[in-house]
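To be precise, the following lines are query02.cif, and they hold mmCIF, C-alpha atoms.
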data_start
loop_
_atom_site.group_PDB
_atom_site.id
_atom_site.type_symbol
_atom_site.label_atom_id
_atom_site.label_comp_id
_atom_site.auth_asym_id
_atom_site.auth_seq_id
_atom_site.Cartn_x
_atom_site.Cartn_y
_atom_site.Cartn_z
ATOM 1 C CA MET A 1479 -0.203 45.246 144.541
ATOM 2 C CA ARG A 1480 -2.376 47.195 146.965
ATOM 3 C CA ALA A 1481 -2.305 44.270 149.400
ATOM 4 C CA VAL A 1482 1.529 44.184 149.227
ATOM 5 C CA LEU A 1483 1.764 47.883 150.096
ATOM 6 C CA ILE A 1484 -0.729 47.643 152.964
ATOM 7 C CA ARG A 1485 0.837 44.560 154.532
ATOM 8 C CA GLY A 1486 4.376 45.911 153.979
ATOM 9 C CA ALA A 1487 3.426 49.161 155.710
ATOM 10 C CA GLY A 1488 1.849 47.154 158.526
ATOM 11 C CA PHE A 1489 4.999 45.099 159.133
ATOM 12 C CA ALA A 1490 7.211 48.213 158.898
ATOM 13 C CA PHE A 1491 4.988 49.894 161.500
ATOM 14 C CA LEU A 1492 5.281 46.823 163.708
ATOM 15 C CA TRP A 1493 9.082 46.967 163.450
ATOM 16 C CA TRP A 1494 9.068 50.676 164.296
ATOM 17 C CA VAL A 1495 7.040 49.873 167.419
ATOM 18 C CA LEU A 1496 9.173 46.873 168.437
ATOM 19 C CA ALA A 1497 12.445 48.825 167.955
ATOM 20 C CA GLU A 1498 10.857 51.667 169.987
ATOM 21 C CA GLY A 1499 11.510 54.163 167.213
ATOM 22 C CA ARG A 1500 15.303 53.722 167.152
ATOM 23 C CA PRO A 1501 16.540 54.473 163.625
ATOM 24 C CA ASP A 1502 19.830 52.491 163.774
ATOM 25 C CA ALA A 1503 18.337 49.043 163.079
ATOM 26 C CA TRP A 1504 16.239 49.811 160.006
ATOM 27 C CA GLY A 1505 18.428 47.577 157.789
ATOM 28 C CA LEU A 1506 17.412 44.555 159.839
ATOM 29 C CA GLY A 1507 13.891 45.955 160.080
ATOM 30 C CA LEU A 1508 13.497 46.020 156.302
ATOM 31 C CA VAL A 1509 14.622 42.395 156.043
ATOM 32 C CA ALA A 1510 12.151 41.443 158.800
ATOM 33 C CA ALA A 1511 9.302 43.369 157.175
ATOM 34 C CA VAL A 1512 9.911 41.756 153.759
ATOM 35 C CA ALA A 1513 10.204 38.287 155.339
ATOM 36 C CA GLY A 1514 7.002 38.870 157.298
ATOM 37 C CA CYS A 1515 5.252 40.011 154.136
ATOM 38 C CA VAL A 1516 6.343 36.924 152.146
ATOM 39 C CA LEU A 1517 5.279 34.601 154.962
ATOM 40 C CA SER A 1518 1.907 36.327 155.377
ATOM 41 C CA PHE A 1519 1.165 35.922 151.666
ATOM 42 C CA ARG A 1520 2.026 32.222 151.833
ATOM 43 C CA LEU A 1521 -0.085 31.594 154.922
ATOM 44 C CA LEU A 1522 -2.937 33.961 154.128
ATOM 45 C CA PRO A 1523 -3.293 34.837 150.419
ATOM 46 C CA PRO A 1524 -5.265 38.029 149.822
ATOM 47 C CA ARG A 1525 -8.986 37.458 149.510
ATOM 48 C CA HIS A 1526 -10.850 38.264 146.367
ATOM 49 C CA GLY A 1527 -12.489 41.616 146.990
ATOM 50 C CA GLY A 1528 -10.382 42.167 150.115
ATOM 51 C CA ILE A 1529 -11.782 43.397 153.404
ATOM 52 C CA SER A 1530 -13.592 46.619 154.136
ATOM 53 C CA PHE A 1531 -11.746 49.008 156.474
ATOM 54 C CA ALA A 1532 -14.945 50.806 157.442
ATOM 55 C CA GLY A 1533 -16.408 47.390 158.292
ATOM 56 C CA LEU A 1534 -13.281 46.504 160.286
ATOM 57 C CA LEU A 1535 -13.534 49.723 162.320
ATOM 58 C CA ALA A 1536 -17.226 49.115 163.004
ATOM 59 C CA PHE A 1537 -16.405 45.542 164.069
ATOM 60 C CA ALA A 1538 -13.618 46.767 166.386
ATOM 61 C CA ALA A 1539 -15.973 49.243 168.071
ATOM 62 C CA PHE A 1540 -18.733 46.614 168.418
ATOM 63 C CA PHE A 1541 -16.224 44.096 169.758
ATOM 64 C CA LEU A 1542 -14.646 46.472 172.310
ATOM 65 C CA TRP A 1543 -17.996 47.538 173.736
ATOM 66 C CA HIS A 1544 -19.532 44.065 173.898
ATOM 67 C CA SER A 1545 -16.433 42.287 175.204
ATOM 68 C CA ALA A 1546 -16.226 44.843 178.029
ATOM 69 C CA LYS A 1547 -19.904 44.215 178.744
ATOM 70 C CA GLY A 1548 -19.284 40.460 178.681
ATOM 71 C CA GLY A 1549 -16.397 40.718 181.126
ATOM 72 C CA LEU A 1550 -18.391 42.895 183.479
ATOM 73 C CA GLN A 1551 -21.358 40.510 183.366
ATOM 74 C CA VAL A 1552 -19.271 37.441 184.259
ATOM 75 C CA ALA A 1553 -17.406 39.393 186.948
ATOM 76 C CA THR A 1554 -20.670 40.348 188.695
ATOM 77 C CA LEU A 1555 -21.976 36.779 188.327
ATOM 78 C CA ALA A 1556 -18.812 35.385 189.911
ATOM 79 C CA LEU A 1557 -18.906 37.755 192.875
ATOM 80 C CA ARG A 1558 -22.585 37.245 193.762
ATOM 81 C CA PRO A 1559 -23.217 35.312 196.981
ATOM 82 C CA ARG A 1560 -25.023 32.660 194.887
ATOM 83 C CA PRO A 1561 -24.055 32.719 191.198
ATOM 84 C CA ASP A 1562 -27.329 32.637 189.297
ATOM 85 C CA LEU A 1563 -26.414 30.485 186.293
ATOM 86 C CA ALA A 1564 -28.768 28.816 183.829
ATOM 87 C CA PRO A 1565 -26.347 27.310 181.273
ATOM 88 C CA ALA A 1566 -27.537 25.644 178.086
ATOM 89 C CA LEU A 1567 -26.302 24.552 174.667
ATOM 90 C CA LEU A 1568 -27.626 26.364 171.616
ATOM 91 C CA GLU A 1569 -27.344 25.663 167.885
ATOM 92 C CA LEU A 1570 -26.783 28.735 165.752
ATOM 93 C CA PRO A 1571 -27.131 28.530 161.958
ATOM 94 C CA LEU A 1572 -24.489 30.731 160.287
ATOM 95 C CA SER A 1573 -25.033 32.630 157.079
ATOM 96 C CA LEU A 1574 -21.355 33.676 156.866
ATOM 97 C CA ALA A 1575 -19.072 32.360 154.108
ATOM 98 C CA PRO A 1576 -16.775 29.432 155.020
ATOM 99 C CA GLY A 1577 -13.186 30.157 156.002
ATOM 100 C CA ALA A 1578 -12.022 33.358 157.680
ATOM 101 C CA PRO A 1579 -15.497 34.847 158.362
ATOM 102 C CA ARG A 1580 -16.722 31.740 160.219
ATOM 103 C CA VAL A 1581 -13.443 31.351 162.109
ATOM 104 C CA LEU A 1582 -13.543 34.999 163.204
ATOM 105 C CA MET A 1583 -17.149 34.502 164.310
ATOM 106 C CA THR A 1584 -16.262 31.393 166.349
ATOM 107 C CA ALA A 1585 -13.353 33.162 168.046
ATOM 108 C CA ALA A 1586 -15.164 36.441 168.712
ATOM 109 C CA ILE A 1587 -18.323 34.822 170.092
ATOM 110 C CA GLY A 1588 -16.301 33.489 173.053
ATOM 111 C CA LEU A 1589 -15.616 37.041 174.208
ATOM 112 C CA MET A 1590 -19.172 38.322 173.819
ATOM 113 C CA PRO A 1591 -21.521 38.479 176.842
ATOM 114 C CA GLY A 1592 -22.639 35.050 177.983
ATOM 115 C CA THR A 1593 -21.665 32.974 174.940
ATOM 116 C CA LEU A 1594 -18.831 30.534 174.181
ATOM 117 C CA GLY A 1595 -18.232 28.670 170.903
ATOM 118 C CA VAL A 1596 -18.162 24.908 171.486
ATOM 119 C CA CYS A 1597 -18.140 23.365 168.028
ATOM 120 C CA LEU A 1598 -18.166 24.740 164.485
ATOM 121 C CA GLU A 1599 -19.496 22.177 162.009
ATOM 122 C CA GLY A 1600 -20.143 23.434 158.493
ATOM 123 C CA ASP A 1601 -22.609 26.269 158.757
ATOM 124 C CA ARG A 1602 -23.732 25.419 162.293
ATOM 125 C CA LEU A 1603 -22.069 26.789 165.398
ATOM 126 C CA ARG A 1604 -22.868 25.184 168.744
ATOM 127 C CA LEU A 1605 -22.766 27.674 171.601
ATOM 128 C CA HIS A 1606 -22.640 27.314 175.352
ATOM 129 C CA VAL A 1607 -24.596 30.121 177.015
ATOM 130 C CA LEU A 1608 -24.272 31.129 180.658
ATOM 131 C CA ASP A 1609 -27.888 32.159 181.039
ATOM 132 C CA GLU A 1610 -30.532 30.804 178.681
ATOM 133 C CA ARG A 1611 -32.968 33.524 179.801
ATOM 134 C CA LEU A 1612 -30.849 36.152 178.009
ATOM 135 C CA PRO A 1613 -31.258 36.794 174.240
ATOM 136 C CA ALA A 1614 -27.911 35.222 173.270
ATOM 137 C CA ALA A 1615 -29.016 34.249 169.747
ATOM 138 C CA ALA A 1616 -30.063 37.802 168.880
ATOM 139 C CA GLU A 1617 -26.716 39.165 170.082
ATOM 140 C CA ALA A 1618 -24.843 36.505 168.132
ATOM 141 C CA GLN A 1619 -26.737 37.517 165.014
ATOM 142 C CA ALA A 1620 -25.758 41.175 165.551
ATOM 143 C CA LEU A 1621 -22.117 40.065 165.730
ATOM 144 C CA GLU A 1622 -22.602 37.979 162.589
ATOM 145 C CA LYS A 1623 -23.963 40.983 160.688
ATOM 146 C CA CYS A 1624 -20.969 43.018 161.833
ATOM 147 C CA ILE A 1625 -18.519 40.351 160.599
ATOM 148 C CA ALA A 1626 -20.347 40.019 157.282
ATOM 149 C CA ARG A 1627 -19.750 43.740 156.678
ATOM 150 C CA VAL A 1628 -15.997 43.298 157.270
ATOM 151 C CA PHE A 1629 -15.797 40.728 154.474
ATOM 152 C CA ALA A 1630 -18.278 42.394 152.126
ATOM 153 C CA PRO A 1631 -16.646 42.940 148.711
ATOM 154 C CA MET B 1178 -4.448 69.563 188.814
ATOM 155 C CA ARG B 1179 -1.363 69.217 186.592
ATOM 156 C CA SER B 1180 -1.779 66.959 183.610
ATOM 157 C CA ALA B 1181 1.059 64.717 184.847
ATOM 158 C CA THR B 1182 -0.770 63.943 188.087
ATOM 159 C CA MET B 1183 -4.045 63.522 186.182
ATOM 160 C CA LEU B 1184 -2.320 60.872 184.063
ATOM 161 C CA GLU B 1185 -0.975 59.177 187.176
ATOM 162 C CA VAL B 1186 -4.416 59.085 188.766
ATOM 163 C CA ALA B 1187 -6.010 57.688 185.584
ATOM 164 C CA SER B 1188 -3.215 55.128 185.311
ATOM 165 C CA ALA B 1189 -3.600 54.021 188.932
ATOM 166 C CA ALA B 1190 -7.385 53.759 188.532
ATOM 167 C CA LEU B 1191 -7.021 51.574 185.430
ATOM 168 C CA LEU B 1192 -4.436 49.346 187.159
ATOM 169 C CA LEU B 1193 -6.709 48.876 190.173
ATOM 170 C CA LEU B 1194 -9.676 48.145 187.912
ATOM 171 C CA GLY B 1195 -7.573 45.578 186.036
ATOM 172 C CA GLY B 1196 -6.583 43.943 189.311
ATOM 173 C CA PHE B 1197 -10.247 43.805 190.338
ATOM 174 C CA PHE B 1198 -11.201 42.036 187.084
ATOM 175 C CA TYR B 1199 -8.388 39.498 187.495
ATOM 176 C CA PHE B 1200 -9.647 38.850 191.016
ATOM 177 C CA ALA B 1201 -13.259 38.429 189.820
ATOM 178 C CA GLY B 1202 -12.138 36.113 186.990
ATOM 179 C CA THR B 1203 -10.226 33.922 189.447
ATOM 180 C CA VAL B 1204 -13.182 33.817 191.829
ATOM 181 C CA GLY B 1205 -15.357 32.718 188.894
ATOM 182 C CA LEU B 1206 -12.829 30.058 187.929
ATOM 183 C CA LEU B 1207 -12.991 28.649 191.462
ATOM 184 C CA ARG B 1208 -16.741 28.958 192.025
ATOM 185 C CA PHE B 1209 -18.371 28.108 188.684
ATOM 186 C CA PRO B 1210 -19.670 24.538 188.443
ATOM 187 C CA ASP B 1211 -18.170 23.034 185.258
ATOM 188 C CA VAL B 1212 -15.511 23.403 182.564
ATOM 189 C CA TYR B 1213 -17.710 25.438 180.197
ATOM 190 C CA THR B 1214 -18.813 28.046 182.733
ATOM 191 C CA ARG B 1215 -15.224 28.304 184.014
ATOM 192 C CA LEU B 1216 -14.035 29.023 180.474
ATOM 193 C CA HIS B 1217 -16.477 31.939 180.332
ATOM 194 C CA ALA B 1218 -14.931 33.370 183.507
ATOM 195 C CA LEU B 1219 -11.359 32.859 182.373
ATOM 196 C CA ALA B 1220 -11.619 34.140 178.805
ATOM 197 C CA LYS B 1221 -13.893 37.121 179.272
ATOM 198 C CA VAL B 1222 -12.933 38.604 182.632
ATOM 199 C CA ASP B 1223 -9.172 38.097 182.368
ATOM 200 C CA ASN B 1224 -9.123 39.823 178.990
ATOM 201 C CA LEU B 1225 -10.906 42.819 180.435
ATOM 202 C CA GLY B 1226 -8.385 42.806 183.300
ATOM 203 C CA LEU B 1227 -5.461 42.623 180.896
ATOM 204 C CA GLY B 1228 -6.921 45.453 178.784
ATOM 205 C CA CYS B 1229 -7.211 47.706 181.852
ATOM 206 C CA VAL B 1230 -3.707 46.869 183.131
ATOM 207 C CA LEU B 1231 -2.135 47.487 179.703
ATOM 208 C CA ALA B 1232 -4.021 50.774 179.234
ATOM 209 C CA GLY B 1233 -2.904 51.864 182.714
ATOM 210 C CA LEU B 1234 0.733 51.000 181.940
ATOM 211 C CA ALA B 1235 0.560 52.675 178.513
ATOM 212 C CA LEU B 1236 -0.425 55.952 180.223
ATOM 213 C CA GLN B 1237 2.850 55.792 182.181
ATOM 214 C CA ALA B 1238 5.009 54.854 179.180
ATOM 215 C CA ASP B 1239 8.023 57.059 178.390
ATOM 216 C CA SER B 1240 7.371 57.207 174.650
ATOM 217 C CA LEU B 1241 4.609 56.681 172.119
ATOM 218 C CA THR B 1242 6.211 53.510 170.729
ATOM 219 C CA VAL B 1243 6.397 51.886 174.171
ATOM 220 C CA ALA B 1244 2.720 52.738 174.720
ATOM 221 C CA ILE B 1245 1.734 51.202 171.349
ATOM 222 C CA LYS B 1246 3.862 48.145 172.102
ATOM 223 C CA LEU B 1247 2.023 47.625 175.394
ATOM 224 C CA LEU B 1248 -1.377 48.068 173.717
ATOM 225 C CA LEU B 1249 -0.449 45.571 170.960
ATOM 226 C CA ILE B 1250 -0.141 42.843 173.589
ATOM 227 C CA TRP B 1251 -3.902 42.999 174.116
ATOM 228 C CA PRO B 1252 -5.148 41.824 170.679
ATOM 229 C CA LEU B 1253 -2.494 39.076 170.680
ATOM 230 C CA ALA B 1254 -3.641 37.785 174.077
ATOM 231 C CA LEU B 1255 -7.278 38.129 172.965
ATOM 232 C CA ALA B 1256 -6.676 35.998 169.887
ATOM 233 C CA ALA B 1257 -4.850 33.391 171.971
ATOM 234 C CA SER B 1258 -7.505 33.147 174.672
ATOM 235 C CA ALA B 1259 -10.362 33.065 172.145
ATOM 236 C CA GLY B 1260 -8.646 30.189 170.323
ATOM 237 C CA VAL B 1261 -7.723 28.323 173.509
ATOM 238 C CA GLY B 1262 -11.215 28.762 174.975
ATOM 239 C CA TYR B 1263 -12.788 27.278 171.859
ATOM 240 C CA ALA B 1264 -10.244 24.423 171.740
ATOM 241 C CA ILE B 1265 -10.874 23.418 175.377
ATOM 242 C CA ALA B 1266 -14.679 23.652 174.994
ATOM 243 C CA ARG B 1267 -14.584 21.556 171.814
ATOM 244 C CA ARG B 1268 -12.380 18.922 173.417
ATOM 245 C CA ALA B 1269 -14.593 18.797 176.507
ATOM 246 C CA GLU B 1270 -17.627 18.195 174.312
ATOM 247 C CA ALA B 1271 -15.808 15.543 172.281
ATOM 248 C CA LEU B 1272 -14.990 13.769 175.573
ATOM 249 C CA GLY B 1273 -18.718 13.743 176.327
ATOM 250 C CA ILE B 1274 -18.704 16.188 179.220
ATOM 251 C CA ARG B 1275 -22.288 17.401 179.582
ATOM 252 C CA PRO B 1276 -22.810 21.035 180.600
ATOM 253 C CA TRP B 1277 -23.915 21.627 184.173
ATOM 254 C CA ARG B 1278 -27.650 22.340 184.432
ATOM 255 C CA LYS B 1279 -29.536 23.895 187.297
ATOM 256 C CA GLU B 1280 -32.073 21.036 187.420
ATOM 257 C CA ASP B 1281 -29.304 18.514 188.160
ATOM 258 C CA GLN B 1282 -28.749 20.047 191.577
#
Encoded form using structure tokens:
Amino acid sequence: MRAVLIRGAGFAFLWWVLAEGRPDAWGLGLVAAVAGCVLSFRLLPPRHGGISFAGLLAFAAFFLWHSAKGGLQVATLALRPRPDLAPALLELPLSLAPGAPRVLMTAAIGLMPGTLGVCLEGDRLRLHVLDERLPAAAEAQALEKCIARVFAP
Amino acid sequence: MRSATMLEVASAALLLLGGFFYFAGTVGLLRFPDVYTRLHALAKVDNLGLGCVLAGLALQADSLTVAIKLLLIWPLALAASAGVGYAIARRAEALGIRPWRKEDQ
């Protein structure tokens, strides 16, 4: 029931944003919000235990900061007279649960400094790193801890 | 300085910064040696550029909802480029493309 209210409010908010606050189309908006809600429950049933909002906020902050750092790092590498790259492949064992946590990890790692997910197989994630001299594995583990807190019951 | 001009200055600075990141990402795409390193340039730098451009535009928006709408584009594009980056890297590996190494030069 709680999940229905949260998702419903989310879709209603989305409609309010898309309609730019105009009140005259709320009839259609309600239909869209209910349809979106039904579809979201079919595609993504609520998880047992749900997700932690404090964990989600912490993840968002971590992600914003590190993805900005990652972008800046690649930008400076690209603009150097001689790009100083030392790429390598790296196997990372994951302790995250299968499903959404591992998928989020694989997606997010591509936007972190110097790492890109290449292949997720079971509990092992193969990474391509731009510079093997940097502590990519340690940073990936920090991200993993952050994601684990999002999905903690 | 009036707050309106302050906003305009901040907006212009963010737009210029965004343009700079797009430029750097494109330079990386052209200069980096193989598909994996180019994916790094494309996914990471372009997203930073898009974030700056959208934040700059949101500062100029006429209403709060338009500003939120602009900012919502960012997570959608992030999700798409993270997924696409992974898909291309995975396919490249499945095709047997070995990552570029410094020693090979």
Could you produce a table of the residues of chain B lying within 8 Å of chain A, with the nearest pair of atoms per residue and their separation in Å rounded to one decimal, using only C-alpha atoms, ordered by chain and increasing residue number, as a tab-separated table?
residue	atom	partner	partner_atom	distance
B:Phe1198	CA	A:Ala1553	CA	6.7
B:Ala1201	CA	A:Ala1553	CA	5.1
B:Gly1202	CA	A:Ala1553	CA	6.2
B:Val1204	CA	A:Ala1556	CA	6.2
B:Gly1205	CA	A:Ala1556	CA	4.5
B:Arg1208	CA	A:Ala1556	CA	7.1
B:Phe1209	CA	A:Ala1556	CA	7.4
B:Tyr1213	CA	A:His1606	CA	7.2
B:Thr1214	CA	A:Leu1608	CA	6.6
B:His1217	CA	A:Leu1594	CA	6.7
B:Ala1218	CA	A:Val1552	CA	6.0
B:Ala1220	CA	A:Leu1589	CA	6.7
B:Lys1221	CA	A:Gly1549	CA	4.8
B:Val1222	CA	A:Gly1549	CA	4.3
B:Asp1223	CA	A:Gly1549	CA	7.8
B:Asn1224	CA	A:Gly1549	CA	7.6
B:Leu1225	CA	A:Gly1549	CA	5.9
B:Thr1242	CA	A:Val1495	CA	5.0
B:Val1243	CA	A:Glu1498	CA	6.1
B:Ile1245	CA	A:Val1495	CA	6.7
B:Lys1246	CA	A:Val1495	CA	5.9
B:Ala1256	CA	A:Ala1585	CA	7.5
B:Ala1259	CA	A:Ala1585	CA	5.1
B:Gly1260	CA	A:Ala1585	CA	6.0
B:Gly1262	CA	A:Gly1588	CA	7.2
B:Tyr1263	CA	A:Gly1595	CA	5.7
B:Ala1264	CA	A:Val1596	CA	7.9
B:Ala1266	CA	A:Val1596	CA	5.1
B:Arg1267	CA	A:Val1596	CA	4.9
B:Glu1270	CA	A:Val1596	CA	7.3
B:Pro1276	CA	A:Ala1566	CA	7.1
B:Trp1277	CA	A:Pro1565	CA	6.8
B:Arg1278	CA	A:Pro1565	CA	6.0
B:Lys1279	CA	A:Ala1564	CA	6.1
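The spacing separating atom CA of Leu1234 of chain B from atom CA of Leu1508 of chain A amounts to 29.1 Å.
In this structure, atom CA of Gly1226 of chain B sits 5.3 Å away from atom CA of Tyr1199 of chain B.
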Selection: 12 Å around segment 1180-1182 of chain B, all atoms listed in the file, excl. self and same-chain fewer than 6 positions, as a list of chain:residue names:
B:Ser1188, B:Ala1189, B:Leu1236, B:Gln1237
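Residue nearest Leu1572 of chain A, chosen from A:Ala1539, A:Ala1615, A:Ala1490, A:Val1512 and counting only C-alpha atoms: A:Ala1615.
Here atom CA of Ala1626 of chain A and atom CA of Pro1576 of chain A stand 11.4 Å from one another.
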